[in-house]
>>> print(open('structure20.cif').read())   # mmCIF, C-alpha atoms and all ligand atoms
data_input
loop_
_atom_site.label_atom_id
_atom_site.label_comp_id
_atom_site.auth_asym_id
_atom_site.auth_seq_id
_atom_site.Cartn_x
_atom_site.Cartn_y
_atom_site.Cartn_z
CA MET V 65 16.14 -19.28 12.21
CA ALA V 66 15.06 -20.95 15.37
CA ALA V 67 12.98 -24.06 15.53
CA LYS V 68 11.72 -25.42 18.79
CA PHE V 69 10.77 -29.04 19.01
CA MET V 70 7.63 -30.04 20.78
CA THR V 71 6.86 -33.60 21.51
CA ALA V 72 4.09 -33.11 24.02
CA HIS V 73 0.54 -32.25 23.03
CA HIS V 74 1.61 -32.13 19.44
CA LYS V 75 0.88 -28.47 18.91
CA THR V 76 1.83 -26.05 16.09
CA GLY V 77 5.05 -26.23 14.21
CA MET V 78 7.73 -25.52 11.72
CA PHE V 79 7.06 -28.84 10.18
CA GLN V 80 4.03 -30.93 10.60
CA LEU V 81 3.38 -34.53 9.83
CA CYS V 82 1.39 -34.82 6.72
CA PRO V 83 -2.35 -34.95 7.02
CA GLU V 84 -4.17 -35.33 3.71
CA LEU V 85 -5.20 -32.09 2.13
CA GLY V 86 -8.84 -31.90 1.15
CA PRO V 87 -10.19 -31.87 -2.39
CA GLY V 88 -9.30 -28.84 -4.46
CA LYS V 89 -6.13 -28.13 -2.54
CA LYS V 90 -3.87 -30.62 -4.28
CA GLY V 91 -2.21 -28.03 -6.53
CA MET V 92 -0.96 -26.23 -3.45
CA LYS V 93 1.07 -29.15 -2.22
CA ILE V 94 4.46 -29.69 -3.82
CA ASN V 95 5.77 -33.19 -3.62
CA ALA V 96 9.30 -33.98 -2.51
CA SER V 97 8.94 -37.70 -1.84
CA GLY V 98 12.43 -38.74 -2.90
CA PRO V 99 15.84 -37.02 -2.69
CA GLU V 100 15.88 -36.40 -6.44
CA GLN V 101 12.81 -34.17 -6.04
CA LEU V 102 14.10 -32.01 -3.20
CA VAL V 103 15.93 -29.24 -5.07
CA GLY V 104 13.14 -28.91 -7.64
CA ALA V 105 10.48 -28.80 -4.93
CA TRP V 106 12.18 -25.92 -3.11
CA ALA V 107 12.72 -24.08 -6.40
CA LYS V 108 9.04 -24.44 -7.24
CA TYR V 109 8.04 -23.30 -3.74
CA TYR V 110 10.14 -20.13 -3.89
CA ASP V 111 9.06 -19.38 -7.44
CA ARG V 112 5.42 -19.50 -6.34
CA LEU V 113 6.24 -17.40 -3.29
CA ALA V 114 7.89 -14.79 -5.54
CA GLY V 115 4.67 -14.82 -7.61
CA HIS V 116 2.63 -14.27 -4.46
CA PHE V 117 4.79 -11.32 -3.34
CA LEU V 118 4.61 -9.74 -6.78
CA SER V 119 0.85 -10.14 -6.97
CA GLN V 120 0.65 -8.17 -3.70
CA ILE V 121 2.95 -5.49 -5.10
CA GLY V 122 0.51 -5.37 -8.01
CA GLN V 123 0.58 -2.32 -10.27
CA ARG V 124 2.86 -0.23 -8.04
CA LYS V 125 5.73 1.32 -10.01
CA PHE V 126 9.19 0.53 -8.71
CA ARG V 127 12.82 0.80 -9.77
CA THR V 128 14.59 -0.33 -6.61
CA ILE V 129 13.63 -3.26 -4.48
CA LEU V 130 15.55 -4.22 -1.35
CA GLU V 131 15.44 -7.73 0.06
CA ALA V 132 16.45 -7.95 3.69
CA GLY V 133 17.77 -11.31 4.92
CA CYS V 134 18.17 -12.56 1.36
CA GLY V 135 20.21 -15.58 2.50
CA LYS V 136 21.57 -17.53 -0.44
CA GLY V 137 18.97 -16.05 -2.75
CA GLN V 138 16.20 -18.63 -2.45
CA LEU V 139 13.64 -15.87 -3.08
CA THR V 140 16.00 -13.28 -4.60
CA ILE V 141 16.63 -15.20 -7.81
CA PRO V 142 13.01 -16.09 -8.64
CA LEU V 143 12.01 -12.50 -7.83
CA LEU V 144 14.67 -11.12 -10.17
CA ARG V 145 13.54 -13.46 -12.92
CA ARG V 146 9.98 -12.19 -12.61
CA VAL V 147 10.50 -8.40 -12.40
CA PRO V 148 11.25 -6.18 -15.41
CA ASN V 149 14.95 -5.79 -16.37
CA ARG V 150 15.00 -2.13 -15.38
CA VAL V 151 14.41 -3.07 -11.73
CA GLU V 152 17.48 -3.08 -9.51
CA MET V 153 17.75 -5.15 -6.39
CA ILE V 154 19.69 -4.51 -3.20
CA ALA V 155 20.18 -7.79 -1.35
CA VAL V 156 21.09 -7.39 2.33
CA ASP V 157 22.16 -10.13 4.69
CA SER V 158 24.31 -10.30 7.81
CA SER V 159 25.44 -13.81 6.76
CA ARG V 160 26.59 -14.80 10.23
CA GLY V 161 26.36 -17.80 12.55
CA PRO V 162 24.38 -20.65 10.98
CA TYR V 163 24.00 -18.53 7.83
CA SER V 164 27.64 -17.68 7.41
CA GLY V 165 28.71 -17.96 3.76
CA TRP V 166 25.16 -17.65 2.43
CA LEU V 167 25.69 -14.20 0.89
CA ASP V 168 28.86 -15.42 -0.84
CA GLU V 169 26.87 -18.34 -2.20
CA LEU V 170 24.34 -15.92 -3.63
CA GLY V 171 27.16 -13.82 -5.12
CA LYS V 172 28.57 -16.90 -6.85
CA ALA V 173 25.17 -17.96 -8.20
CA LEU V 174 24.50 -14.45 -9.52
CA ARG V 175 27.85 -14.17 -11.25
CA LYS V 176 26.93 -17.20 -13.34
CA THR V 177 23.93 -15.37 -14.82
CA GLU V 178 23.02 -12.02 -16.32
CA LEU V 179 20.91 -11.31 -13.24
CA GLY V 180 24.01 -10.38 -11.24
CA LYS V 181 24.31 -7.04 -13.04
CA ARG V 182 21.07 -5.88 -11.45
CA VAL V 183 21.94 -6.76 -7.86
CA ARG V 184 23.99 -4.98 -5.21
CA LEU V 185 24.92 -7.30 -2.37
CA ILE V 186 25.39 -5.72 1.04
CA ARG V 187 26.65 -7.60 4.07
CA SER V 188 24.91 -5.75 6.86
CA ASP V 189 22.66 -6.09 9.84
CA ALA V 190 19.07 -5.23 8.94
CA LYS V 191 18.89 -3.21 12.16
CA ARG V 192 21.45 -0.75 10.73
CA ILE V 193 21.69 -1.06 6.98
CA ARG V 194 25.00 0.23 5.73
CA GLY V 195 25.33 2.03 2.41
CA VAL V 196 21.64 2.63 1.68
CA GLU V 197 20.49 6.25 1.70
CA ASP V 198 17.35 7.63 3.30
CA GLU V 199 14.21 7.34 1.14
CA SER V 200 16.08 5.63 -1.70
CA VAL V 201 14.13 2.35 -1.99
CA ASP V 202 10.67 1.77 -3.50
CA ILE V 203 9.90 -1.68 -2.11
CA ILE V 204 11.28 -3.78 0.72
CA VAL V 205 10.70 -7.51 0.93
CA SER V 206 11.83 -10.25 3.27
CA ASN V 207 11.09 -13.88 3.87
CA GLU V 208 11.82 -15.66 7.13
CA LEU V 209 13.85 -12.75 8.44
CA LEU V 210 11.53 -11.33 11.09
CA CYS V 211 11.60 -14.57 13.08
CA ASP V 212 15.36 -14.04 13.40
CA LEU V 213 14.62 -10.76 15.22
CA PRO V 214 12.80 -12.34 18.14
CA TYR V 215 12.70 -9.39 20.56
CA ASP V 216 10.44 -6.34 20.18
CA SER V 217 13.46 -4.05 20.36
CA GLN V 218 15.28 -5.88 17.53
CA LEU V 219 12.23 -5.98 15.31
CA GLU V 220 11.47 -2.33 15.98
CA LYS V 221 15.03 -1.32 15.09
CA ALA V 222 14.90 -3.21 11.78
CA LEU V 223 11.48 -1.80 10.95
CA GLY V 224 12.78 1.69 11.82
CA GLU V 225 15.62 1.13 9.35
CA PHE V 226 13.12 0.01 6.70
CA TYR V 227 11.12 3.17 7.37
CA ARG V 228 14.26 5.29 6.95
CA ILE V 229 15.29 3.84 3.59
CA LEU V 230 11.81 3.59 2.03
CA ARG V 231 10.62 6.51 -0.03
CA PRO V 232 7.35 8.16 1.03
CA ARG V 233 4.47 5.78 0.23
CA GLY V 234 7.02 3.02 -0.33
CA PHE V 235 5.68 -0.48 0.20
CA MET V 236 6.96 -3.43 2.16
CA ILE V 237 6.04 -7.07 2.36
CA HIS V 238 7.30 -9.79 4.71
CA GLY V 239 6.64 -13.52 4.72
CA GLU V 240 6.79 -15.71 7.81
CA TRP V 241 6.01 -19.36 8.33
CA SER V 242 2.95 -19.47 10.48
CA SER V 243 3.23 -20.79 14.00
CA SER V 244 -0.14 -22.47 13.64
CA PRO V 245 -0.64 -25.63 11.66
CA ALA V 246 -2.98 -25.30 8.70
CA VAL V 247 -4.62 -28.62 9.44
CA GLU V 248 -4.88 -30.39 12.78
CA PRO V 249 -1.72 -32.39 13.17
CA GLN V 250 -1.80 -36.12 13.54
CA ALA V 251 1.41 -36.43 15.50
CA PHE V 252 4.38 -34.41 16.71
CA LEU V 253 5.28 -31.09 15.22
CA VAL V 254 8.39 -29.03 15.21
CA LYS V 255 7.42 -25.64 16.45
CA HIS V 256 8.42 -22.68 14.38
CA TRP V 257 9.63 -20.44 17.12
CA PRO V 258 9.67 -17.58 17.51
CA SER V 259 7.08 -16.56 14.99
CA TRP V 260 5.51 -13.13 14.96
CA THR V 261 1.76 -13.27 14.48
CA PRO V 262 0.16 -10.78 12.08
CA ASP V 263 -1.43 -9.06 15.12
CA GLN V 264 1.95 -8.52 16.75
CA LEU V 265 3.45 -7.28 13.50
CA PHE V 266 0.56 -4.89 12.97
CA ALA V 267 1.10 -3.35 16.42
CA ILE V 268 4.84 -2.86 15.97
CA MET V 269 4.66 -1.68 12.35
CA ARG V 270 2.03 0.86 13.29
CA ARG V 271 4.19 2.09 16.17
CA VAL V 272 7.08 2.63 13.76
CA GLY V 273 4.82 4.70 11.48
CA PHE V 274 3.66 2.29 8.78
CA ASP V 275 0.15 2.44 7.40
CA LYS V 276 -2.30 0.36 5.31
CA PHE V 277 -1.44 -2.94 6.96
CA GLN V 278 -2.80 -6.10 5.30
CA VAL V 279 -2.27 -9.83 5.64
CA THR V 280 -2.49 -12.52 2.99
CA TYR V 281 -1.74 -16.22 3.22
CA PHE V 282 0.54 -18.23 0.97
CA GLY V 283 -1.16 -21.57 0.95
CA THR V 284 1.51 -23.65 -0.75
CA THR V 285 3.28 -26.35 1.19
CA ILE V 286 5.88 -29.02 0.49
CA HIS V 287 5.47 -32.60 1.53
CA PHE V 288 8.83 -34.20 2.31
CA GLY V 289 9.11 -37.98 2.20
CA TYR V 290 11.18 -39.81 4.81
CA VAL V 291 14.75 -39.19 3.55
CA ASN V 292 14.06 -35.56 2.73
CA ALA V 293 12.24 -35.08 6.03
CA ILE V 294 15.27 -36.31 7.96
CA LYS V 295 17.56 -34.03 5.97
CA GLU V 296 15.37 -30.98 6.49
CA LEU V 297 14.84 -31.69 10.18
CA ARG V 298 18.59 -32.08 10.75
CA GLY V 299 19.06 -28.74 8.99
CA TRP V 300 16.64 -27.23 11.49
CA GLY V 301 18.61 -28.59 14.42
CA ALA V 302 16.63 -31.73 15.30
CA THR V 303 18.58 -34.06 17.55
CA GLU V 304 19.30 -37.66 16.58
CA THR V 305 17.36 -38.77 19.66
CA LEU V 306 14.27 -36.99 18.47
CA LEU V 307 14.64 -38.34 14.94
CA LYS V 308 15.04 -41.86 16.30
CA ARG V 309 12.02 -41.54 18.57
CA TYR V 310 9.79 -40.55 15.66
CA ASP V 311 11.44 -42.67 13.00
CA LYS V 312 8.41 -44.89 12.34
CA LEU V 313 6.08 -41.95 12.12
CA LEU V 314 8.42 -40.08 9.80
CA LYS V 315 8.64 -43.16 7.58
CA ARG V 316 4.87 -43.37 7.44
CA LYS V 317 4.00 -39.72 7.08
CA GLY V 318 6.99 -37.58 6.21
CA ILE V 319 6.67 -33.92 7.13
CA GLU V 320 5.00 -30.90 5.70
CA LEU V 321 5.79 -27.18 5.78
CA PRO V 322 3.34 -24.88 7.51
CA PHE V 323 1.69 -22.18 5.44
CA GLU V 324 3.00 -18.63 5.42
CA HIS V 325 1.38 -15.42 6.49
CA VAL V 326 2.49 -12.48 4.41
CA VAL V 327 2.14 -9.02 5.89
CA GLN V 328 2.30 -5.84 3.88
CA CYS V 329 2.14 -2.15 4.66
CA GLN V 330 3.03 1.29 3.35
CA LYS V 331 5.16 4.17 4.59
C1 LIG M 401 15.95 -18.35 7.53
S1 LIG M 401 16.99 -17.47 6.51
C2 LIG M 401 15.89 -17.01 5.20
C3 LIG M 401 16.63 -16.87 3.91
C4 LIG M 401 15.75 -16.54 2.71
N1 LIG M 401 15.18 -15.21 2.84
C5 LIG M 401 14.66 -17.56 2.53
O1 LIG M 401 13.49 -17.16 2.42
O2 LIG M 401 14.95 -18.74 2.46
C6 LIG M 401 17.18 -15.94 7.40
C7 LIG M 401 18.20 -15.03 6.73
O3 LIG M 401 18.16 -13.79 7.41
C8 LIG M 401 19.48 -13.38 7.68
N2 LIG M 401 19.46 -12.54 8.88
C9 LIG M 401 19.10 -12.92 10.13
N3 LIG M 401 19.19 -11.87 10.97
C10 LIG M 401 19.60 -10.82 10.22
C11 LIG M 401 19.87 -9.47 10.52
N4 LIG M 401 19.72 -8.98 11.76
N5 LIG M 401 20.29 -8.67 9.52
C12 LIG M 401 20.43 -9.14 8.26
N6 LIG M 401 20.19 -10.43 7.92
C13 LIG M 401 19.78 -11.25 8.89
C14 LIG M 401 20.26 -14.65 7.88
O4 LIG M 401 21.65 -14.45 7.67
C15 LIG M 401 19.62 -15.57 6.85
O5 LIG M 401 20.24 -15.49 5.61
#
>>> encode(input="structure20.cif", output="structure tokens", more="lines below")
Ligand SMILES: C[S@@+](CC[C@H](N)C(=O)[O-])C[C@H]1O[C@@H](n2cnc3c(N)ncnc32)[C@H](O)[C@@H]1O
Amino acid sequence: MAAKFMTAHHKTGMFQLCPELGPGKKGMKINASGPEQLVGAWAKYYDRLAGHFLSQIGQRKFRTILEAGCGKGQLTIPLLRRVPNRVEMIAVDSSRGPYSGWLDELGKALRKTELGKRVRLIRSDAKRIRGVEDESVDIIVSNELLCDLPYDSQLEKALGEFYRILRPRGFMIHGEWSSSPAVEPQAFLVKHWPSWTPDQLFAIMRRVGFDKFQVTYFGTTIHFGYVNAIKELRGWGATETLLKRYDKLLKRKGIELPFEHVVQCQK
């Protein structure tokens, strides 16, 4: 995933310094102030995201769900825990470059639990999914995959593949961190780039043949305290110079994840 750092004009971002959330929104902010809270905070975040995806899937009947760009299973595992046992999952990831080894990590995690029996792991590019037949999948999901397909042609190819493997009236749902901050930032932000807006996704999904497009917002965020913020920012490719320049601010404010837009449509 790409993150572009902006230090001028302090506009939109992958992470934003932490403005206070207003009353009534506290439950939507997960706290990761200290290092001991980091793993739990991410687990809680993805569990809630899985809940959000499933609430959008609603009463639809499904046996096979395919997750594209499953990574190391951040969303895969909470999804599997929440769906009925009869549901089988196909987890697809190219596991290359900065993500190399992620699919193996997921395989290892799954083998330690009963969940593994319900998952088929496929190492493949989402633009040409190997080993999945036409019209064989009921639901397709992804989180933070589309931003890794930054050109229209790449996105269109992947969406075309999703169209091929989905059964008629099959449903798909994709989450993306928003490129706009939820609250006006107080200082620098790390821009989440590229990020497809719902409008852009609507246009391309429609072109591919999808129907019944809708957008929802996942309004949960994580606040990372200083040490966690540095760790996360390094993971996103922040340079030491940038971290040094904003050290005081990071100490004071930490960082906060942007909200997600979640787009859904039907074949
Ligand atoms: C930012 S990670 C997101 C991982 C996970 N879905 C999550 O929500 O944390 C993007 C994932 O998409 C995978 N990916 C990127 N481009 C891909 C492609 N063309 N085909 C399949 N997987 C891809 C990467 O390998 C990586 O695991």
>>> residues_near_ligand(input="structure20.cif", ligand="ligand LIG 401 (chain M)", cutoff="9 Å", atoms="all atoms listed in the file", output="ChimeraX atom specification")
/V:65-66,110,131-140,156-167,187-193,206-213,218-219,222,239-240
>>> residues_around(input="structure20.cif", residues="stretch 145-150 of chain V", least_positions_apart="5", cutoff="8 Å", atoms="all atoms listed in the file", output="VMD selection string")
chain V and resid 114 to 115 127 179 182
>>> residues_around(input="structure20.cif", residues="stretch 279-281 of chain V", least_positions_apart="3", cutoff="6 Å", atoms="only C-alpha atoms", output="list in words")
Glu324, His325, Val326 and Val327 of chain V
>>> residues_near_point(input="structure20.cif", point="(2.2, -25.6, -2.8)", cutoff="7 Å", atoms="all atoms listed in the file", output="MDAnalysis selection string")
chainID V and resid 91:94 109 283:286
>>> closest_residue(input="structure20.cif", among="V:Val272, V:Ile229, V:Ile203, V:Val291", to="V:Ile121", atoms="all atoms listed in the file")
V:Ile203
>>> axis_aligned_box(input="structure20.cif", around="stretch 321-329 of chain V", padding_each_side="8 Å", output="JSON")
{"center_x": 3.6, "center_y": -14.7, "center_z": 5.7, "size_x": 20.4, "size_y": 41.0, "size_z": 19.6}
>>> atom_distance(input="structure20.cif", atom1="atom CA of V:Glu320", atom2="atom CA of V:Phe117")
21.6 Å
>>> atom_distance(input="structure20.cif", atom1="atom CA of V:His238", atom2="atom CA of V:Lys181")
24.7 Å
>>> residues_around(input="structure20.cif", residues="V:Val183", least_positions_apart="6", cutoff="7 Å", atoms="only C-alpha atoms", output="PyMOL selection string")
chain V and resi 152-155
>>> atom_distance(input="structure20.cif", atom1="atom CA of V:His116", atom2="atom CA of V:Gln328")
11.9 Å
